[in-house]
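This is coords-v1.txt. It holds compact mmCIF, C-alpha atoms.
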# COMPACT_ATOMS: atom_id res chain seq x y z
CA MET A 1 153.27 125.74 -13.90
CA VAL A 2 151.26 125.15 -17.07
CA GLY A 3 150.34 121.64 -15.92
CA ARG A 4 149.02 122.90 -12.60
CA LYS A 5 146.88 125.59 -14.28
CA SER A 6 145.61 123.08 -16.80
CA ARG A 7 144.56 120.64 -14.02
CA LYS A 8 142.92 123.50 -12.13
CA LEU A 9 140.91 124.52 -15.20
CA ARG A 10 139.89 120.90 -15.81
CA THR A 11 138.68 120.73 -12.23
CA ILE A 12 136.70 123.95 -12.59
CA PHE A 13 135.27 123.28 -16.05
CA ARG A 14 134.03 119.87 -17.11
CA LEU A 15 135.65 118.71 -20.31
CA THR A 16 132.38 117.22 -21.51
CA LEU A 17 131.06 120.66 -22.46
CA PRO A 18 131.01 121.79 -26.10
CA ALA A 19 134.03 123.86 -27.15
CA ALA A 20 132.07 127.14 -27.22
CA ASP A 21 130.90 126.59 -23.64
CA LEU A 22 134.42 125.84 -22.45
CA PHE A 23 135.81 128.77 -24.41
CA MET A 24 133.27 131.15 -22.87
CA SER A 25 133.86 129.76 -19.37
CA VAL A 26 137.62 130.27 -19.65
CA ILE A 27 137.19 133.83 -20.95
CA MET A 28 134.90 134.65 -18.02
CA TYR A 29 137.35 133.05 -15.59
CA ARG A 30 140.32 134.96 -17.02
CA LEU A 31 138.72 138.38 -17.64
CA LYS A 32 140.07 140.84 -15.10
CA GLU A 33 138.00 143.37 -13.16
CA ASN A 34 137.04 146.22 -15.56
CA GLY A 35 138.24 144.08 -18.49
CA ARG A 36 136.37 144.05 -21.81
CA ALA A 37 135.74 141.24 -24.27
CA ALA A 38 134.23 140.66 -27.70
CA VAL A 39 133.68 136.98 -28.43
CA ILE A 40 132.38 135.29 -31.58
CA LEU A 41 130.14 132.39 -30.63
CA PRO A 42 127.80 130.06 -32.55
CA ASP A 43 124.02 130.32 -32.31
CA GLY A 44 123.94 127.16 -30.20
CA PHE A 45 125.41 129.06 -27.29
CA LEU A 46 122.73 131.76 -27.53
CA PHE A 47 119.65 129.58 -27.66
CA GLY A 48 120.89 126.52 -25.82
CA THR A 49 118.91 125.86 -22.64
CA ASP A 50 120.59 122.72 -21.34
CA ASN A 51 121.78 122.89 -17.72
CA ALA A 52 125.40 123.72 -18.59
CA LYS A 53 124.52 126.57 -20.97
CA VAL A 54 121.99 128.04 -18.55
CA ALA A 55 124.57 127.90 -15.73
CA ILE A 56 127.21 129.63 -17.88
CA LYS A 57 124.77 132.31 -19.06
CA THR A 58 123.43 132.83 -15.54
CA LYS A 59 126.98 133.52 -14.36
CA LEU A 60 127.69 135.64 -17.44
CA PHE A 61 124.68 137.91 -16.94
CA SER A 62 124.98 138.10 -13.14
CA GLU A 63 128.72 138.85 -12.93
CA PHE A 64 129.41 140.59 -16.26
CA ASN A 65 127.76 143.40 -18.20
CA VAL A 66 126.64 141.81 -21.48
CA HIS A 67 125.73 145.07 -23.18
CA THR A 68 125.53 144.09 -26.87
CA ILE A 69 125.04 141.03 -29.04
CA ILE A 70 125.37 141.35 -32.81
CA ARG A 71 123.88 138.54 -34.86
CA MET A 72 125.98 137.88 -37.94
CA PRO A 73 124.64 136.69 -41.33
CA GLY A 74 124.79 132.94 -41.82
CA SER A 75 127.36 133.12 -44.59
CA VAL A 76 129.83 135.42 -42.85
CA PHE A 77 132.50 132.71 -42.55
CA SER A 78 131.67 130.74 -45.70
CA PRO A 79 133.06 128.76 -47.39
CA TYR A 80 134.86 127.67 -44.21
CA THR A 81 131.71 127.07 -42.19
CA SER A 82 127.96 127.60 -42.51
CA ILE A 83 127.49 127.99 -38.75
CA THR A 84 125.61 131.17 -37.85
CA THR A 85 127.58 133.25 -35.38
CA ASN A 86 127.17 136.19 -33.03
CA ILE A 87 129.50 138.69 -31.44
CA LEU A 88 129.00 139.09 -27.68
CA PHE A 89 130.36 142.31 -26.19
CA PHE A 90 130.70 142.34 -22.42
CA ASP A 91 132.82 143.74 -19.65
CA HIS A 92 133.65 142.84 -16.06
CA THR A 93 132.19 145.98 -14.48
CA GLY A 94 129.14 144.50 -12.78
CA PRO A 95 125.97 142.57 -13.58
CA THR A 96 123.97 143.06 -16.76
CA GLU A 97 120.95 145.36 -16.52
CA GLU A 98 120.02 145.44 -20.19
CA THR A 99 121.34 143.98 -23.43
CA TRP A 100 121.07 145.35 -26.95
CA PHE A 101 120.59 142.92 -29.83
CA TYR A 102 121.41 143.97 -33.38
CA ARG A 103 120.96 141.90 -36.53
CA LEU A 104 123.58 142.57 -39.20
CA ASP A 105 122.11 141.77 -42.61
CA MET A 106 124.09 140.67 -45.63
CA PRO A 107 123.80 143.32 -48.36
CA LYS A 108 121.89 142.15 -51.42
CA GLY A 109 124.05 140.79 -54.18
CA TYR A 110 126.90 139.71 -51.89
CA LYS A 111 127.84 136.24 -50.73
CA HIS A 112 130.68 137.26 -48.39
CA MET A 113 131.03 140.02 -45.83
CA LYS A 114 133.40 142.90 -46.42
CA LEU A 115 134.57 145.38 -43.83
CA GLU A 116 132.33 148.12 -45.27
CA HIS A 117 129.27 145.89 -44.69
CA PHE A 118 129.72 146.51 -40.96
CA ALA A 119 129.08 150.27 -41.43
CA PRO A 120 125.35 150.04 -40.49
CA ALA A 121 126.25 148.30 -37.21
CA VAL A 122 128.91 150.90 -36.42
CA GLU A 123 126.46 153.72 -37.19
CA TRP A 124 123.77 152.10 -35.00
CA TRP A 125 126.32 151.54 -32.20
CA ARG A 126 126.91 155.30 -31.96
CA ASP A 127 123.21 156.13 -31.67
CA ARG A 128 121.31 153.08 -30.43
CA LYS A 129 117.64 152.91 -31.24
CA GLU A 130 115.21 150.05 -31.61
CA ILE A 131 114.60 149.15 -35.26
CA GLN A 132 111.72 147.12 -36.70
CA LEU A 133 112.17 145.82 -40.23
CA ASP A 134 109.49 143.81 -42.03
CA GLY A 135 107.81 143.00 -38.72
CA PHE A 136 111.01 141.66 -37.16
CA GLY A 137 113.29 143.31 -34.63
CA LYS A 138 116.54 144.36 -36.28
CA ALA A 139 117.71 146.15 -33.13
CA LYS A 140 116.08 145.76 -29.75
CA LYS A 141 116.93 146.22 -26.10
CA TYR A 142 115.97 143.62 -23.49
CA THR A 143 116.18 143.85 -19.72
CA VAL A 144 118.05 141.13 -17.88
CA GLN A 145 114.72 140.06 -16.36
CA GLU A 146 113.26 139.48 -19.85
CA ILE A 147 116.29 137.36 -20.68
CA LYS A 148 115.96 135.40 -17.42
CA ASP A 149 112.26 134.86 -18.14
CA ARG A 150 113.27 133.19 -21.43
CA ASN A 151 115.49 130.77 -19.44
CA TYR A 152 118.50 132.52 -20.97
CA ASN A 153 117.44 131.55 -24.48
CA ILE A 154 118.90 134.68 -26.03
CA ASP A 155 118.12 133.84 -29.64
CA LEU A 156 116.72 137.33 -30.20
CA CYS A 157 116.64 139.60 -33.27
CA GLY A 158 116.77 136.65 -35.61
CA TYR A 159 116.47 136.75 -39.35
CA PRO A 160 113.05 137.19 -40.91
CA HIS A 161 111.50 133.98 -42.10
CA GLU A 162 108.09 132.97 -43.27
CA GLU A 163 106.19 130.97 -40.74
CA GLU A 164 105.23 127.60 -42.15
CA GLU A 165 101.66 126.65 -41.43
CA ILE A 166 101.39 123.07 -40.31
CA LEU A 167 97.95 121.67 -40.99
CA PRO A 168 96.34 118.61 -39.48
CA PRO A 169 96.74 115.62 -41.82
CA LYS A 170 93.06 115.52 -42.89
CA GLU A 171 93.10 119.23 -43.81
CA LEU A 172 96.38 118.84 -45.68
CA ILE A 173 95.03 115.91 -47.70
CA GLN A 174 91.83 117.82 -48.44
CA GLN A 175 93.82 120.86 -49.66
CA TYR A 176 95.98 118.61 -51.81
CA GLN A 177 92.94 116.90 -53.36
CA GLU A 178 91.28 120.28 -54.06
CA LYS A 179 94.40 121.65 -55.75
CA ARG A 180 94.87 118.43 -57.70
CA ALA A 181 91.22 118.53 -58.84
CA SER A 182 91.56 122.17 -59.96
CA LEU A 183 94.71 121.31 -61.94
CA ASN A 184 93.01 118.33 -63.56
CA ALA A 185 90.00 120.53 -64.48
CA ASP A 186 92.25 122.95 -66.39
Kindly present the structure from the file in structure tokens form.
Amino acid sequence: MVGRKSRKLRTIFRLTLPAADLFMSVIMYRLKENGRAAVILPDGFLFGTDNAKVAIKTKLFSEFNVHTIIRMPGSVFSPYTSITTNILFFDHTGPTEETWFYRLDMPKGYKHMKLEHFAPAVEWWRDRKEIQLDGFGKAKKYTVQEIKDRNYNIDLCGYPHEEEEILPPKELIQQYQEKRASLNAD
């Protein structure tokens, strides 16, 4: 019996897919009508736009209600891995209409997550509102059409980062020479 199911799954899902893609595909295949799931997946699944990932996410959003995605801090599973992860919450009750994204920040002074560090997410879950923090979305709701328009790149509510300005080579050299000249003058 196990062998037959295994062959059937291999037929349905190509074994060339990354583990997270296969894992997600099997969960979707096995989730019963009205069933609920919470799955921890790496960032690559969220922002991947290769054909396989887009096909999986198209099916996910069209057949399941992906209601919430919580972005975890990068160090949540350290020292075991540095891979940034997310928790996808979805159910098999119908297609997605809108999805909430929430960014869970690591409290200052901590290197590892503790259960009490999830309290802000739990509090937000009970009373969902959009939150802007330092010009970045900490919590935001997107319609399924907005997600489709992004080609299912659902890397949303990311961590704040300074944008690096990339200058043309001539400008960069000129800035360098000006700074060097001012340092030499001092």
Could you tell me how far CA of Ala52 (chain A) lies from CA of Tyr29 (chain A), in Å and to one decimal?
-> 15.5 Å
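Each of A:Phe89, A:Tyr176, A:Phe136, A:Tyr80 was checked against Arg103 (chain A) using all atoms listed in the file; the smallest atom-to-atom distance is that of A:Phe136.
Among A:Val144, A:Ala121, A:Leu183, A:Leu22, the residue with the shortest atom-to-atom distance to Glu63 (chain A), counting only C-alpha atoms, is A:Val144.
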Minimum-distance residue to Ala139 (chain A), chosen among A:Ile70, A:Arg126, A:Asp50, A:Gln175 (using all atoms listed in the file) | A:Ile70
Within 12 Å of region 31-41 of chain A, which residues of region 66-102 of chain A show up? Give each one with its shortest atom-to-atom distance in Å (one decimal) and the two atoms involved, counting all atoms listed in the file, rows by chain then rising residue number, as JSON lines.
{"residue": "A:Val66", "atom": "CA", "partner": "A:Ala37", "partner_atom": "CA", "distance": 9.5}
{"residue": "A:His67", "atom": "CA", "partner": "A:Ala38", "partner_atom": "CA", "distance": 10.6}
{"residue": "A:Thr68", "atom": "CA", "partner": "A:Ala38", "partner_atom": "CA", "distance": 9.4}
{"residue": "A:Ile69", "atom": "CA", "partner": "A:Ala38", "partner_atom": "CA", "distance": 9.3}
{"residue": "A:Ile70", "atom": "CA", "partner": "A:Ile40", "partner_atom": "CA", "distance": 9.3}
{"residue": "A:Arg71", "atom": "CA", "partner": "A:Ile40", "partner_atom": "CA", "distance": 9.7}
{"residue": "A:Met72", "atom": "CA", "partner": "A:Ile40", "partner_atom": "CA", "distance": 9.4}
{"residue": "A:Val76", "atom": "CA", "partner": "A:Ile40", "partner_atom": "CA", "distance": 11.6}
{"residue": "A:Phe77", "atom": "CA", "partner": "A:Ile40", "partner_atom": "CA", "distance": 11.3}
{"residue": "A:Ile83", "atom": "CA", "partner": "A:Leu41", "partner_atom": "CA", "distance": 9.6}
{"residue": "A:Thr84", "atom": "CA", "partner": "A:Leu41", "partner_atom": "CA", "distance": 8.6}
{"residue": "A:Thr85", "atom": "CA", "partner": "A:Leu41", "partner_atom": "CA", "distance": 5.5}
{"residue": "A:Asn86", "atom": "CA", "partner": "A:Leu41", "partner_atom": "CA", "distance": 5.4}
{"residue": "A:Ile87", "atom": "CA", "partner": "A:Ile40", "partner_atom": "CA", "distance": 4.5}
{"residue": "A:Leu88", "atom": "CA", "partner": "A:Val39", "partner_atom": "CA", "distance": 5.2}
{"residue": "A:Phe89", "atom": "CA", "partner": "A:Ala38", "partner_atom": "CA", "distance": 4.5}
{"residue": "A:Phe90", "atom": "CA", "partner": "A:Ala37", "partner_atom": "CA", "distance": 5.5}
{"residue": "A:Asp91", "atom": "CA", "partner": "A:Arg36", "partner_atom": "CA", "distance": 4.2}
{"residue": "A:His92", "atom": "CA", "partner": "A:Asn34", "partner_atom": "CA", "distance": 4.8}
{"residue": "A:Thr93", "atom": "CA", "partner": "A:Asn34", "partner_atom": "CA", "distance": 5.0}
{"residue": "A:Gly94", "atom": "CA", "partner": "A:Asn34", "partner_atom": "CA", "distance": 8.5}
{"residue": "A:Pro95", "atom": "CA", "partner": "A:Asn34", "partner_atom": "CA", "distance": 11.8}
All residues 8 Å or closer to Tyr152 (chain A), only C-alpha atoms, same chain fewer than 3 positions away omitted, as a PyMOL selection string | chain A and resi 46-47+49+54+57-58+147-149
Go ahead and save the picked residues with C-alpha atoms, as a PDB file, keeping the file's coordinate frame.
ATOM      1  CA  LEU A  46     122.730 131.760 -27.530  1.00  0.00           C
ATOM      2  CA  PHE A  47     119.650 129.580 -27.660  1.00  0.00           C
ATOM      3  CA  THR A  49     118.910 125.860 -22.640  1.00  0.00           C
ATOM      4  CA  VAL A  54     121.990 128.040 -18.550  1.00  0.00           C
ATOM      5  CA  LYS A  57     124.770 132.310 -19.060  1.00  0.00           C
ATOM      6  CA  THR A  58     123.430 132.830 -15.540  1.00  0.00           C
ATOM      7  CA  ILE A 147     116.290 137.360 -20.680  1.00  0.00           C
ATOM      8  CA  LYS A 148     115.960 135.400 -17.420  1.00  0.00           C
ATOM      9  CA  ASP A 149     112.260 134.860 -18.140  1.00  0.00           C
TER      10      ASP A 149
END
May I ask which of the residues A:Pro73, A:Glu98, A:Thr143, A:Gln132 is the closest one to Phe118 (chain A), counting all atoms listed in the file?
->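 Once distances to Phe118 (chain A) are computed over all atoms listed in the file, the minimum belongs to A:Pro73.
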Mind filling out region 103-123 of chain A with N, CA, C and O atoms and sending it as a tab-separated table (two decimals), keeping the file's coordinate frame?
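After the write, rebuild22.tsv holds the following:
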chain	number	residue	atom	x	y	z
A	103	ARG	N	120.83	142.87	-35.45
A	103	ARG	CA	120.96	141.90	-36.53
A	103	ARG	C	121.66	142.56	-37.71
A	103	ARG	O	121.18	143.52	-38.28
A	104	LEU	N	122.81	142.05	-38.07
A	104	LEU	CA	123.58	142.57	-39.20
A	104	LEU	C	123.17	141.77	-40.43
A	104	LEU	O	123.38	140.56	-40.49
A	105	ASP	N	122.58	142.44	-41.40
A	105	ASP	CA	122.11	141.77	-42.61
A	105	ASP	C	123.19	141.78	-43.68
A	105	ASP	O	123.97	142.72	-43.79
A	106	MET	N	123.18	140.74	-44.49
A	106	MET	CA	124.09	140.67	-45.63
A	106	MET	C	123.52	141.55	-46.74
A	106	MET	O	122.35	141.41	-47.10
A	107	PRO	N	124.31	142.48	-47.27
A	107	PRO	CA	123.80	143.32	-48.36
A	107	PRO	C	123.41	142.47	-49.57
A	107	PRO	O	124.05	141.45	-49.86
A	108	LYS	N	122.36	142.89	-50.26
A	108	LYS	CA	121.89	142.15	-51.42
A	108	LYS	C	122.97	142.11	-52.48
A	108	LYS	O	123.68	143.08	-52.70
A	109	GLY	N	123.08	140.95	-53.11
A	109	GLY	CA	124.05	140.79	-54.18
A	109	GLY	C	125.42	140.32	-53.72
A	109	GLY	O	126.31	140.12	-54.54
A	110	TYR	N	125.61	140.16	-52.43
A	110	TYR	CA	126.90	139.71	-51.89
A	110	TYR	C	126.76	138.34	-51.25
A	110	TYR	O	125.73	138.03	-50.66
A	111	LYS	N	127.81	137.55	-51.38
A	111	LYS	CA	127.84	136.24	-50.73
A	111	LYS	C	128.76	136.24	-49.52
A	111	LYS	O	128.65	135.40	-48.65
A	112	HIS	N	129.70	137.19	-49.48
A	112	HIS	CA	130.68	137.26	-48.39
A	112	HIS	C	130.70	138.66	-47.81
A	112	HIS	O	130.50	139.64	-48.52
A	113	MET	N	130.97	138.73	-46.52
A	113	MET	CA	131.03	140.02	-45.83
A	113	MET	C	132.34	140.74	-46.16
A	113	MET	O	133.38	140.10	-46.27
A	114	LYS	N	132.23	142.04	-46.28
A	114	LYS	CA	133.40	142.90	-46.42
A	114	LYS	C	133.37	143.87	-45.25
A	114	LYS	O	132.32	144.07	-44.64
A	115	LEU	N	134.48	144.47	-44.96
A	115	LEU	CA	134.57	145.38	-43.83
A	115	LEU	C	133.52	146.49	-43.92
A	115	LEU	O	132.89	146.83	-42.92
A	116	GLU	N	133.30	147.02	-45.12
A	116	GLU	CA	132.33	148.12	-45.27
A	116	GLU	C	130.89	147.68	-44.98
A	116	GLU	O	130.03	148.51	-44.72
A	117	HIS	N	130.62	146.38	-44.99
A	117	HIS	CA	129.27	145.89	-44.69
A	117	HIS	C	128.93	146.04	-43.20
A	117	HIS	O	127.78	145.90	-42.81
A	118	PHE	N	129.95	146.31	-42.39
A	118	PHE	CA	129.72	146.51	-40.96
A	118	PHE	C	129.32	147.96	-40.65
A	118	PHE	O	128.99	148.28	-39.52
A	119	ALA	N	129.37	148.84	-41.64
A	119	ALA	CA	129.08	150.27	-41.43
A	119	ALA	C	127.71	150.50	-40.77
A	119	ALA	O	127.62	151.33	-39.85
A	120	PRO	N	126.63	149.81	-41.18
A	120	PRO	CA	125.35	150.04	-40.49
A	120	PRO	C	125.40	149.72	-39.00
A	120	PRO	O	124.80	150.42	-38.19
A	121	ALA	N	126.13	148.67	-38.63
A	121	ALA	CA	126.25	148.30	-37.21
A	121	ALA	C	127.04	149.36	-36.45
A	121	ALA	O	126.68	149.72	-35.32
A	122	VAL	N	128.10	149.86	-37.06
A	122	VAL	CA	128.91	150.90	-36.42
A	122	VAL	C	128.09	152.17	-36.24
A	122	VAL	O	128.11	152.80	-35.18
A	123	GLU	N	127.33	152.52	-37.27
A	123	GLU	CA	126.46	153.72	-37.19
A	123	GLU	C	125.41	153.54	-36.10
A	123	GLU	O	125.18	154.44	-35.30
